[in-house]
Amino acid sequence: MSPALQLLLLLLLLLLLHSTAIAATTVAQLRPRYYSETCPRAEQIVRDAIKKAMNKETRNAASVMRLQFHDCFVNGCDASVLLDDTPNMLGEKLALSNINSLRSFEVIDEAKEELEKACPGIVSCADIVIMAARDAVALSAGPDWEVKLGRKDSLTASQEDSNNIMPSPRANASLLIDLFEKFNLSIKDVVALSGSHSIGKARCFSIVFRLYNQSGTGRPDPAIEPKFREKLDRLCPLGGEENVTGDLDATPKLFDNQYFKDLVRGRGFLNSDQTLFTHPQTREFVRQFSFDQTEFFNAFIEGMLKMGDLQSGRPGEIRRNCRVVNSWPQDILFEG
């Protein structure tokens with residue numbers, strides 16, 4: 001048998017083994033304490049990484065938590081949002097809802113680096129995103145909960161899919177209800193998960209329209225409380241720097257129910273937030289959560305778990321680097 005034929009057969013065998021290993025794990029069976037035997041310290045390693053990142057910059061908590069939303073809604077929780085663009089793939093980082101908005105990818109990188117030292121090739125980037133979101137909430141004085149793990153990382157990402165799915169800051173409650181319904185998430189889930197805006201900041205870019213030209217009227221959104229609007233006008237003047245950021249609620253470093261209290265008072269930062277109180281289907285949940293923080297926390301946990309269950313059923317792997325897919329056999333055989 002010629003060397004060329006031997007090489008071809010070896011390549012085919014490696015490809016078969018690679019695809020078989022991937023296919024066997026297409027539908028992940030998620031469960032708590034998934035890494036208890038294969039990487040016992042996995043969850044503690046991730047929590048330590050989030051704590052370290054928050055010590056550097058408190059805002060990292062909100063940024064890391066957002067990654068779960070932007071990952072899971074686009075073809076399931078598969079870490080596709082973490083992939084960098086390649087010459088053959090436009091990923092999700094530069095999608096309309098993500099560009100100049102999603103951040104703190106390096107926090108996930110640092111957690112992955114530590115996990116690879118402790119347990120090489122075991123913990124998926126998709127699971128890191130889920131753990132990190134939970135930890136960001138817990139370390140911001142919010143609730144803590146047990147997450148289900150066992151996801152695989154996607155082999156690709158799609159900017160187009162993200163553009164077609166993710167809502168803009170201009171979205172209203174009706175659009176959010178319709179979007180969440182596609183993923184079997186209830187109206188209560190819409191309101192509870194919007195409470196993720198209890199921490200963090202957003203850009204003036206996201207609210208200039210509602211300050212100066214709501215719905216094309218040339219006037220501000222009448223739902224904004226007048227004194228709060230004056231504050232926003234000073235922060236985000238017409239023609240000003242659109243990347244200036246403002247707090248999403250009055251306690252941006254604490255995960256609490258202040259966000260809902262602010263909505264009741266007409267002090268929501270984003271249009272998509274304030275319409276939760278002006279829309280009849282969501283208003284009562286906003287009121288309920290503004291009165292009862294424990295109820296909000298319980299509903300938020302339920303929504304995060306349901307969102308974390310979203311899967312595409314597509315093939316996956318355990319990436320060594322969260323930003324790129326692993327090398328395929330032919331890349332290894334023919335490199336150099």
# chains A, B, ... in the order shown; residues from 1 in each chain; ligands from 1

call {"tool": "closest_atom_pairs", "arguments": {"of": "range 130-181 of chain A", "to": "range 304-320 of chain A", "cutoff": "12 Å", "atoms": "only C-alpha atoms", "output": "JSON lines"}}
result
{"residue": "A:Ile130", "atom": "CA", "partner": "A:Gly308", "partner_atom": "CA", "distance": 7.0}
{"residue": "A:Met131", "atom": "CA", "partner": "A:Gly308", "partner_atom": "CA", "distance": 10.2}
{"residue": "A:Ala133", "atom": "CA", "partner": "A:Met304", "partner_atom": "CA", "distance": 9.1}
{"residue": "A:Arg134", "atom": "CA", "partner": "A:Met304", "partner_atom": "CA", "distance": 8.5}
{"residue": "A:Val137", "atom": "CA", "partner": "A:Met304", "partner_atom": "CA", "distance": 11.0}
{"residue": "A:Pro143", "atom": "CA", "partner": "A:Met304", "partner_atom": "CA", "distance": 11.5}
{"residue": "A:Asp144", "atom": "CA", "partner": "A:Met304", "partner_atom": "CA", "distance": 11.3}
{"residue": "A:Trp145", "atom": "CA", "partner": "A:Leu305", "partner_atom": "CA", "distance": 9.2}
{"residue": "A:Glu146", "atom": "CA", "partner": "A:Leu305", "partner_atom": "CA", "distance": 9.0}
{"residue": "A:Val147", "atom": "CA", "partner": "A:Leu305", "partner_atom": "CA", "distance": 7.1}
{"residue": "A:Lys148", "atom": "CA", "partner": "A:Leu305", "partner_atom": "CA", "distance": 7.7}
{"residue": "A:Leu149", "atom": "CA", "partner": "A:Gly308", "partner_atom": "CA", "distance": 9.0}
{"residue": "A:Gly150", "atom": "CA", "partner": "A:Ile318", "partner_atom": "CA", "distance": 10.2}
{"residue": "A:Arg151", "atom": "CA", "partner": "A:Gly316", "partner_atom": "CA", "distance": 8.5}
{"residue": "A:Lys152", "atom": "CA", "partner": "A:Gly316", "partner_atom": "CA", "distance": 5.0}
{"residue": "A:Asp153", "atom": "CA", "partner": "A:Gly316", "partner_atom": "CA", "distance": 5.0}
{"residue": "A:Ser154", "atom": "CA", "partner": "A:Gly316", "partner_atom": "CA", "distance": 4.8}
{"residue": "A:Leu155", "atom": "CA", "partner": "A:Gly316", "partner_atom": "CA", "distance": 5.8}
{"residue": "A:Thr156", "atom": "CA", "partner": "A:Gly316", "partner_atom": "CA", "distance": 9.1}
{"residue": "A:Ala157", "atom": "CA", "partner": "A:Arg314", "partner_atom": "CA", "distance": 11.5}
{"residue": "A:Phe180", "atom": "CA", "partner": "A:Met307", "partner_atom": "CA", "distance": 9.6}
{"residue": "A:Glu181", "atom": "CA", "partner": "A:Met307", "partner_atom": "CA", "distance": 11.6}

call {"tool": "select_by_dssp", "arguments": {"residues": "range 96-258 of chain A", "states": "helix (DSSP H, G or I)", "output": "number ranges by chain"}}
result
A: 105-118, 125-138, 159-165, 173-182, 187-198, 204-206, 208-212, 214-216, 226-235, 258

call {"tool": "atom_distance", "arguments": {"atom1": "CA of Arg234 in chain A", "atom2": "CA of Asn60 in chain A"}}
result
25.5 Å

call {"tool": "atom_distance", "arguments": {"atom1": "CA of Arg283 in chain A", "atom2": "CA of Leu67 in chain A"}}
result
26.4 Å

call {"tool": "closest_residue", "arguments": {"among": "A:Val324, A:Ala171, A:Cys204, A:Ala61", "to": "Cys125 in chain A", "atoms": "only C-alpha atoms"}}
result
A:Val324

call {"tool": "residues_around", "arguments": {"residues": "range 49-54 of chain A", "least_positions_apart": "6", "cutoff": "12 Å", "atoms": "only C-alpha atoms", "output": "ChimeraX atom specification"}}
result
/A:42-43,60-65,104-115,128-129,131-140,200,253

call {"tool": "atom_distance", "arguments": {"atom1": "CA of Met166 in chain A", "atom2": "CA of Val46 in chain A"}}
result
26.6 Å

call {"tool": "select_by_dssp", "arguments": {"residues": "range 27-230 of chain A", "states": "strand (DSSP E)", "output": "PDB file with N, CA, C and O atoms, in the first residue's frame"}}
result
ATOM      1  N   ARG A  31     -27.277  17.816  34.004  1.00  0.00           N
ATOM      2  CA  ARG A  31     -27.593  17.443  35.388  1.00  0.00           C
ATOM      3  C   ARG A  31     -26.711  18.240  36.354  1.00  0.00           C
ATOM      4  O   ARG A  31     -25.619  18.691  35.979  1.00  0.00           O
ATOM      5  N   PRO A  32     -27.164  18.420  37.572  1.00  0.00           N
ATOM      6  CA  PRO A  32     -26.338  19.085  38.580  1.00  0.00           C
ATOM      7  C   PRO A  32     -25.091  18.256  38.890  1.00  0.00           C
ATOM      8  O   PRO A  32     -25.083  17.035  38.734  1.00  0.00           O
ATOM      9  N   LYS A 148     -27.483  23.124  36.141  1.00  0.00           N
ATOM     10  CA  LYS A 148     -27.323  21.855  35.417  1.00  0.00           C
ATOM     11  C   LYS A 148     -26.224  22.029  34.374  1.00  0.00           C
ATOM     12  O   LYS A 148     -26.174  23.044  33.675  1.00  0.00           O
ATOM     13  N   LEU A 149     -25.357  21.025  34.273  1.00  0.00           N
ATOM     14  CA  LEU A 149     -24.197  21.110  33.396  1.00  0.00           C
ATOM     15  C   LEU A 149     -24.110  19.882  32.501  1.00  0.00           C
ATOM     16  O   LEU A 149     -24.852  18.926  32.667  1.00  0.00           O
ATOM     17  N   ASP A 153     -19.741  22.476  23.284  1.00  0.00           N
ATOM     18  CA  ASP A 153     -19.501  23.740  22.590  1.00  0.00           C
ATOM     19  C   ASP A 153     -19.794  23.588  21.102  1.00  0.00           C
ATOM     20  O   ASP A 153     -19.468  22.556  20.494  1.00  0.00           O
ATOM     21  N   SER A 154     -20.368  24.626  20.517  1.00  0.00           N
ATOM     22  CA  SER A 154     -20.718  24.579  19.100  1.00  0.00           C
ATOM     23  C   SER A 154     -19.476  24.534  18.223  1.00  0.00           C
ATOM     24  O   SER A 154     -18.379  24.931  18.632  1.00  0.00           O
ATOM     25  N   LYS A 201     -24.713  48.607  33.407  1.00  0.00           N
ATOM     26  CA  LYS A 201     -24.884  49.889  32.727  1.00  0.00           C
ATOM     27  C   LYS A 201     -25.287  49.656  31.278  1.00  0.00           C
ATOM     28  O   LYS A 201     -25.164  48.548  30.757  1.00  0.00           O
ATOM     29  N   ALA A 202     -25.748  50.726  30.624  1.00  0.00           N
ATOM     30  CA  ALA A 202     -26.046  50.683  29.192  1.00  0.00           C
ATOM     31  C   ALA A 202     -25.618  52.008  28.572  1.00  0.00           C
ATOM     32  O   ALA A 202     -25.438  53.009  29.272  1.00  0.00           O
ATOM     33  N   ARG A 203     -25.475  52.010  27.246  1.00  0.00           N
ATOM     34  CA  ARG A 203     -24.942  53.184  26.546  1.00  0.00           C
ATOM     35  C   ARG A 203     -26.038  54.182  26.185  1.00  0.00           C
ATOM     36  O   ARG A 203     -27.201  53.811  25.976  1.00  0.00           O
TER      37      ARG A 203
END

call {"tool": "residues_around", "arguments": {"residues": "Gln293 in chain A", "least_positions_apart": "6", "cutoff": "9 Å", "atoms": "only C-alpha atoms", "output": "VMD selection string"}}
result
chain A and resid 256 to 258

call {"tool": "write_last_selection", "arguments": {"atoms": "C-alpha atoms", "output": "PDB file, in the first residue's frame"}}
result
ATOM      1  CA  ASP A 256     -31.989  43.293  44.057  1.00  0.00           C
ATOM      2  CA  ASN A 257     -35.537  44.352  43.175  1.00  0.00           C
ATOM      3  CA  GLN A 258     -34.718  48.071  42.894  1.00  0.00           C
TER       4      GLN A 258
END

call {"tool": "residues_around", "arguments": {"residues": "Gln274 in chain A", "least_positions_apart": "2", "cutoff": "10 Å", "atoms": "only C-alpha atoms", "output": "PyMOL selection string"}}
result
chain A and resi 172-173+221+223-224+260+262-272+276-279+283+286

call {"tool": "closest_residue", "arguments": {"among": "A:Asn55, A:Gln44, A:Ser124, A:Ser198", "to": "Asp273 in chain A", "atoms": "only C-alpha atoms"}}
result
A:Ser198

call {"tool": "closest_residue", "arguments": {"among": "A:Ile122, A:Ile187, A:Leu90, A:Leu102", "to": "Gln68 in chain A", "atoms": "only C-alpha atoms"}}
result
A:Leu102

call {"tool": "closest_residue", "arguments": {"among": "A:Phe291, A:Phe205, A:Tyr212, A:Phe285", "to": "Asn100 in chain A", "atoms": "only C-alpha atoms"}}
result
A:Phe205

call {"tool": "closest_residue", "arguments": {"among": "A:Asp233, A:Leu254, A:Ser168, A:Gln159", "to": "Met89 in chain A", "atoms": "only C-alpha atoms"}}
result
A:Gln159
